[in-house]
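A.B. asks: Please read through the structure below; I'll follow up with questions.
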Protein chains: 2
Amino acid sequence: MSGRVVTLKTKPRARPRRTGGGGRSGAPAARTIADIVEALRTRIGRQDVAPGAKLGEQELAAEFGVPRARIREVFGVLESRGLIERIPNRGAVVSRLELEHVFQLYEVRAVLEGMCVRLATQNAPPETWDEFVHLFGAPMDGFVKAGDFDSFIVVYERFRRAIIEWARNPVAARMLDSIYEKTNVVIRRIVILPGRAQSGLGEHRAVVAAMRAGNAEEAERLKRMNLQNAQDTLRRFQKYVL
Amino acid sequence: MSGRVVTLKTKPRARPRRTGGGGRSGAPAARTIADIVEALRTRIGRQDVAPGAKLGEQELAAEFGVPRARIREVFGVLESRGLIERIPNRGAVVSRLELEHVFQLYEVRAVLEGMCVRLATQNAPPETWDEFVHLFGAPMDGFVKAGDFDSFIVVYERFRRAIIEWARNPVAARMLDSIYEKTNVVIRRIVILPGRAQSGLGEHRAVVAAMRAGNAEEAERLKRMNLQNAQDTLRRFQKYVL
DNA sequence: GCCGACAAGATTGTTGACAGTCTTTCAGGC
DNA sequence: GCCTGAAAGACTGTCAACAATCTTGTCGGC
């Protein structure tokens with residue numbers, strides 16, 4: 001048959017050093033697909049790469065020390081998660097976060113976290129929440145008054161993780177994770193809005209109290225109201241956030 | 001320099017016919033990644049391929065007439081969606097649906113569909129639901145009494161799509177879609193459980209009535225209760241379903 | 001001086017080939 | 001006759017070269 005391609009190899013090439021012990025800083029030793037996906041997900045979530053920025057296949061392949069085909073697979077996963085968009089022959093860009101999209105994410109987040117609060121209240125022993133009854137008291141009050149939003153968020157995150165952990169529902173956990181990875185940035189901008197941290201703290205005290213009392217339904221209702229308020233605040237100050 | 005690879009091409013080979021007009025039946029003319037993902041998603045959803053069955057890269061590449069690399073990308077997407085599992089050096093298999101997993105999916109589905117019902121009630125003009133007030137009356141009653149579950153499910157699906165359409169929340173729509181693609185099979189097995197169709201019909205009449213009356217909160221509550229009941233039925237007859 | 005067409009460079013899309021690992025099969029020994 | 005071990009086969013994992021497309025920079029014309 002015609003059109004044959006003949007390939008001659010003169011020598012079995014040396015293997016291109018796998019475990020890059022001498023990896024330069026900034027280029028993590030992430031080689032598997034899951035690792036690279038995680039690395040890029042973190043970068044996008046922390047806005048180390050800005051929305052709309054271009055992601056080059058060659059560039060990333062060189063940085064991680066893997067063939068381009070692997071980066072390509074990673075892009076497929078990231079695209080199916082909605083974190084990037086691929087334009088034919090033009091590469092991949094970080095998805096821009098539309099304002100309307102953020103509201104939709106918050107709407108879903110409200111019902112999912114509400115559900116998790118309810119399930120967590122049912123699944124965990126009541127004493128579990130004593131820790132947070134305490135933290136959301138004087139300590140958090142101090143953070144808010146001092147304007148120490150970083151510490152505020154740390155406690156907030158800790159509570160969030162406890163909720164999800166005790167809800168015992170990996171499906172919901174996965175979905176919430178995919179919401180967080182997109183709204184991470186927005187959350188940090190909402191808490192610094194005037195009065196929001198103070199209000200949110202009060203709302204959370206109510207939520208935690210209901211959980212400590214074992215009132216699952218009420219806790220769910222309060223948590224949903226909490227996120228509804230956050231969304232309203234965002235809507236009111238949207239021009240300052242995005 | 002040593003280790004060189006020399007490639008000789010004797011003739012620019014003819015392009016390997018792209019638009020396969022003469023594609024044999026069963027091998028759809030799906031070429032793009034999204035198309036193949038959709039095709040496989042449908043097969044898995046309809047259980048044309050059984051859970052636990054192996055998916056061969058070569059086999060699929062040959063069937064769709066695309067290079068293996070593309071199948072590989074498709075697998076990446078399917079894995080990130082949880083539809084398949086990839087075992088190193090052993091290929092990909094269709095994910096098995098654990099019973100516990102089904103309950104978790106139903107738990108999430110309840111709150112998400114509840115939310116959609118609420119939003120749809122707020123967004124759509126009340127007359128929108130007249131159609132379903134009618135359908136869930138005598139027609140559906142006839143289907144249930146005649147044991148015509150196919151027609152029953154068709155109407156059910158139609159209502160579901162209307163809900164999601166009017167909820168105007170693509171994020172929730174996407175998540176619900178990823179739930180349906182996994183529970184499609186189970187749904188068909190639940191409606192044929194003794195008394196379930198009749199009960200579900202009554203519950204839906206209440207939901208639709210609330211929507212027609214513009215009572216969004218009540219509609220949400222009723223819808224969640226409806227899916228809670230479905231889940232309870234499933235739990236009671238679980239040994240007959242899975 | 002500005003606009004459009006053309007050429008050079010760079011990047012993505014596609015393909016086939018090579019290498020490693022697991023499974024299967026067959027022969028030999030207990 | 002059954003079990004163990006090795007070789008063959010088949011498949012996945014990995015990779016680099018080739019082809020097509022878009023972008024950028026430059027030259028000529030109006």
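Residues in the structure tokens are named by chain (A, B, ... in the order shown) and by number from 1 within that chain; ligands are numbered from 1 in the order shown.
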Set the distance at 8 Å and use only C-alpha atoms (C1' of nucleotides): which residues neighbour region 132-144 of chain A once local chain neighbours fewer than 6 positions away are removed? I'd like the list as a ChimeraX atom specification.
C.D. replies: /A:151-152,155,159,197-198,201,204-205,208-209
A.B. asks: Which polymer residues have any atom within 12 Å of an atom of Ser80 (chain A), counting only C-alpha atoms (C1' of nucleotides), with same-chain residues fewer than 2 positions away left out, as a ChimeraX atom specification?
C.D. replies: /A:37,73-78,82-86,95,178 /B:33-34,37,73-82,174,178
A.B. asks: Please find the residues of chain A near chain D - the criterion being any atom within 10 Å, counting only C-alpha atoms (C1' of nucleotides) - and write them as a ChimeraX atom specification.
C.D. replies: /A:66-70,88-90
A.B. asks: Go ahead and write the residues just picked, N, CA and C atoms, as a CSV table (one decimal), in the first residue's frame.
C.D. replies:
```csv
chain,number,residue,atom,x,y,z
A,66,VAL,N,5.8,17.2,31.8
A,66,VAL,CA,5.0,16.1,31.2
A,66,VAL,C,4.7,16.4,29.8
A,67,PRO,N,4.4,15.3,29.0
A,67,PRO,CA,4.0,15.6,27.6
A,67,PRO,C,2.7,16.4,27.4
A,68,ARG,N,2.6,17.0,26.3
A,68,ARG,CA,1.4,17.8,26.1
A,68,ARG,C,0.1,17.0,26.1
A,69,ALA,N,0.2,15.8,25.7
A,69,ALA,CA,-1.1,15.0,25.7
A,69,ALA,C,-1.7,15.0,27.1
A,70,ARG,N,-0.9,14.9,28.1
A,70,ARG,CA,-1.4,14.9,29.5
A,70,ARG,C,-2.1,16.2,29.9
A,88,PRO,N,-11.5,26.3,19.9
A,88,PRO,CA,-10.8,25.5,18.9
A,88,PRO,C,-9.6,26.3,18.3
A,89,ASN,N,-8.5,25.7,18.3
A,89,ASN,CA,-7.3,26.3,17.7
A,89,ASN,C,-6.8,27.5,18.4
A,90,ARG,N,-7.4,27.8,19.5
A,90,ARG,CA,-7.0,29.0,20.2
A,90,ARG,C,-6.6,28.8,21.7
```
A.B. asks: Contacts of Arg235 (chain A) at 12 Å or less, counting only C-alpha atoms (C1' of nucleotides), minus same-chain residues fewer than 3 places along, as a ChimeraX atom specification?
C.D. replies: /A:99-100,102-104,106,186,190,193,228-232,238-242
A.B. asks: List as a tab-separated table every residue of chain C that is in contact with chain B, defined as an atom at most 10 Å from one of its atoms (using only C-alpha atoms (C1' of nucleotides)), together with the nearest atom pair and the distance in Å rounded to one decimal, sorted by chain and then rising number.
C.D. replies:
```
residue	atom	partner	partner_atom	distance
C:DT14	C1'	B:Pro67	CA	8.2
C:DT15	C1'	B:Pro67	CA	7.3
C:DG16	C1'	B:Pro67	CA	9.4
C:DG20	C1'	B:Asn89	CA	9.1
C:DT21	C1'	B:Asn89	CA	6.4
C:DC22	C1'	B:Asn89	CA	7.1
C:DT23	C1'	B:Arg90	CA	9.9
```
A.B. asks: So which residues touch Ala206 (chain B) within 12 Å, counting only C-alpha atoms (C1' of nucleotides), skipping near sequence neighbours fewer than 5 positions away, as a VMD selection string?
C.D. replies: chain B and resid 132 to 133 136 to 137 199 to 201 211 to 213 215 218 to 226
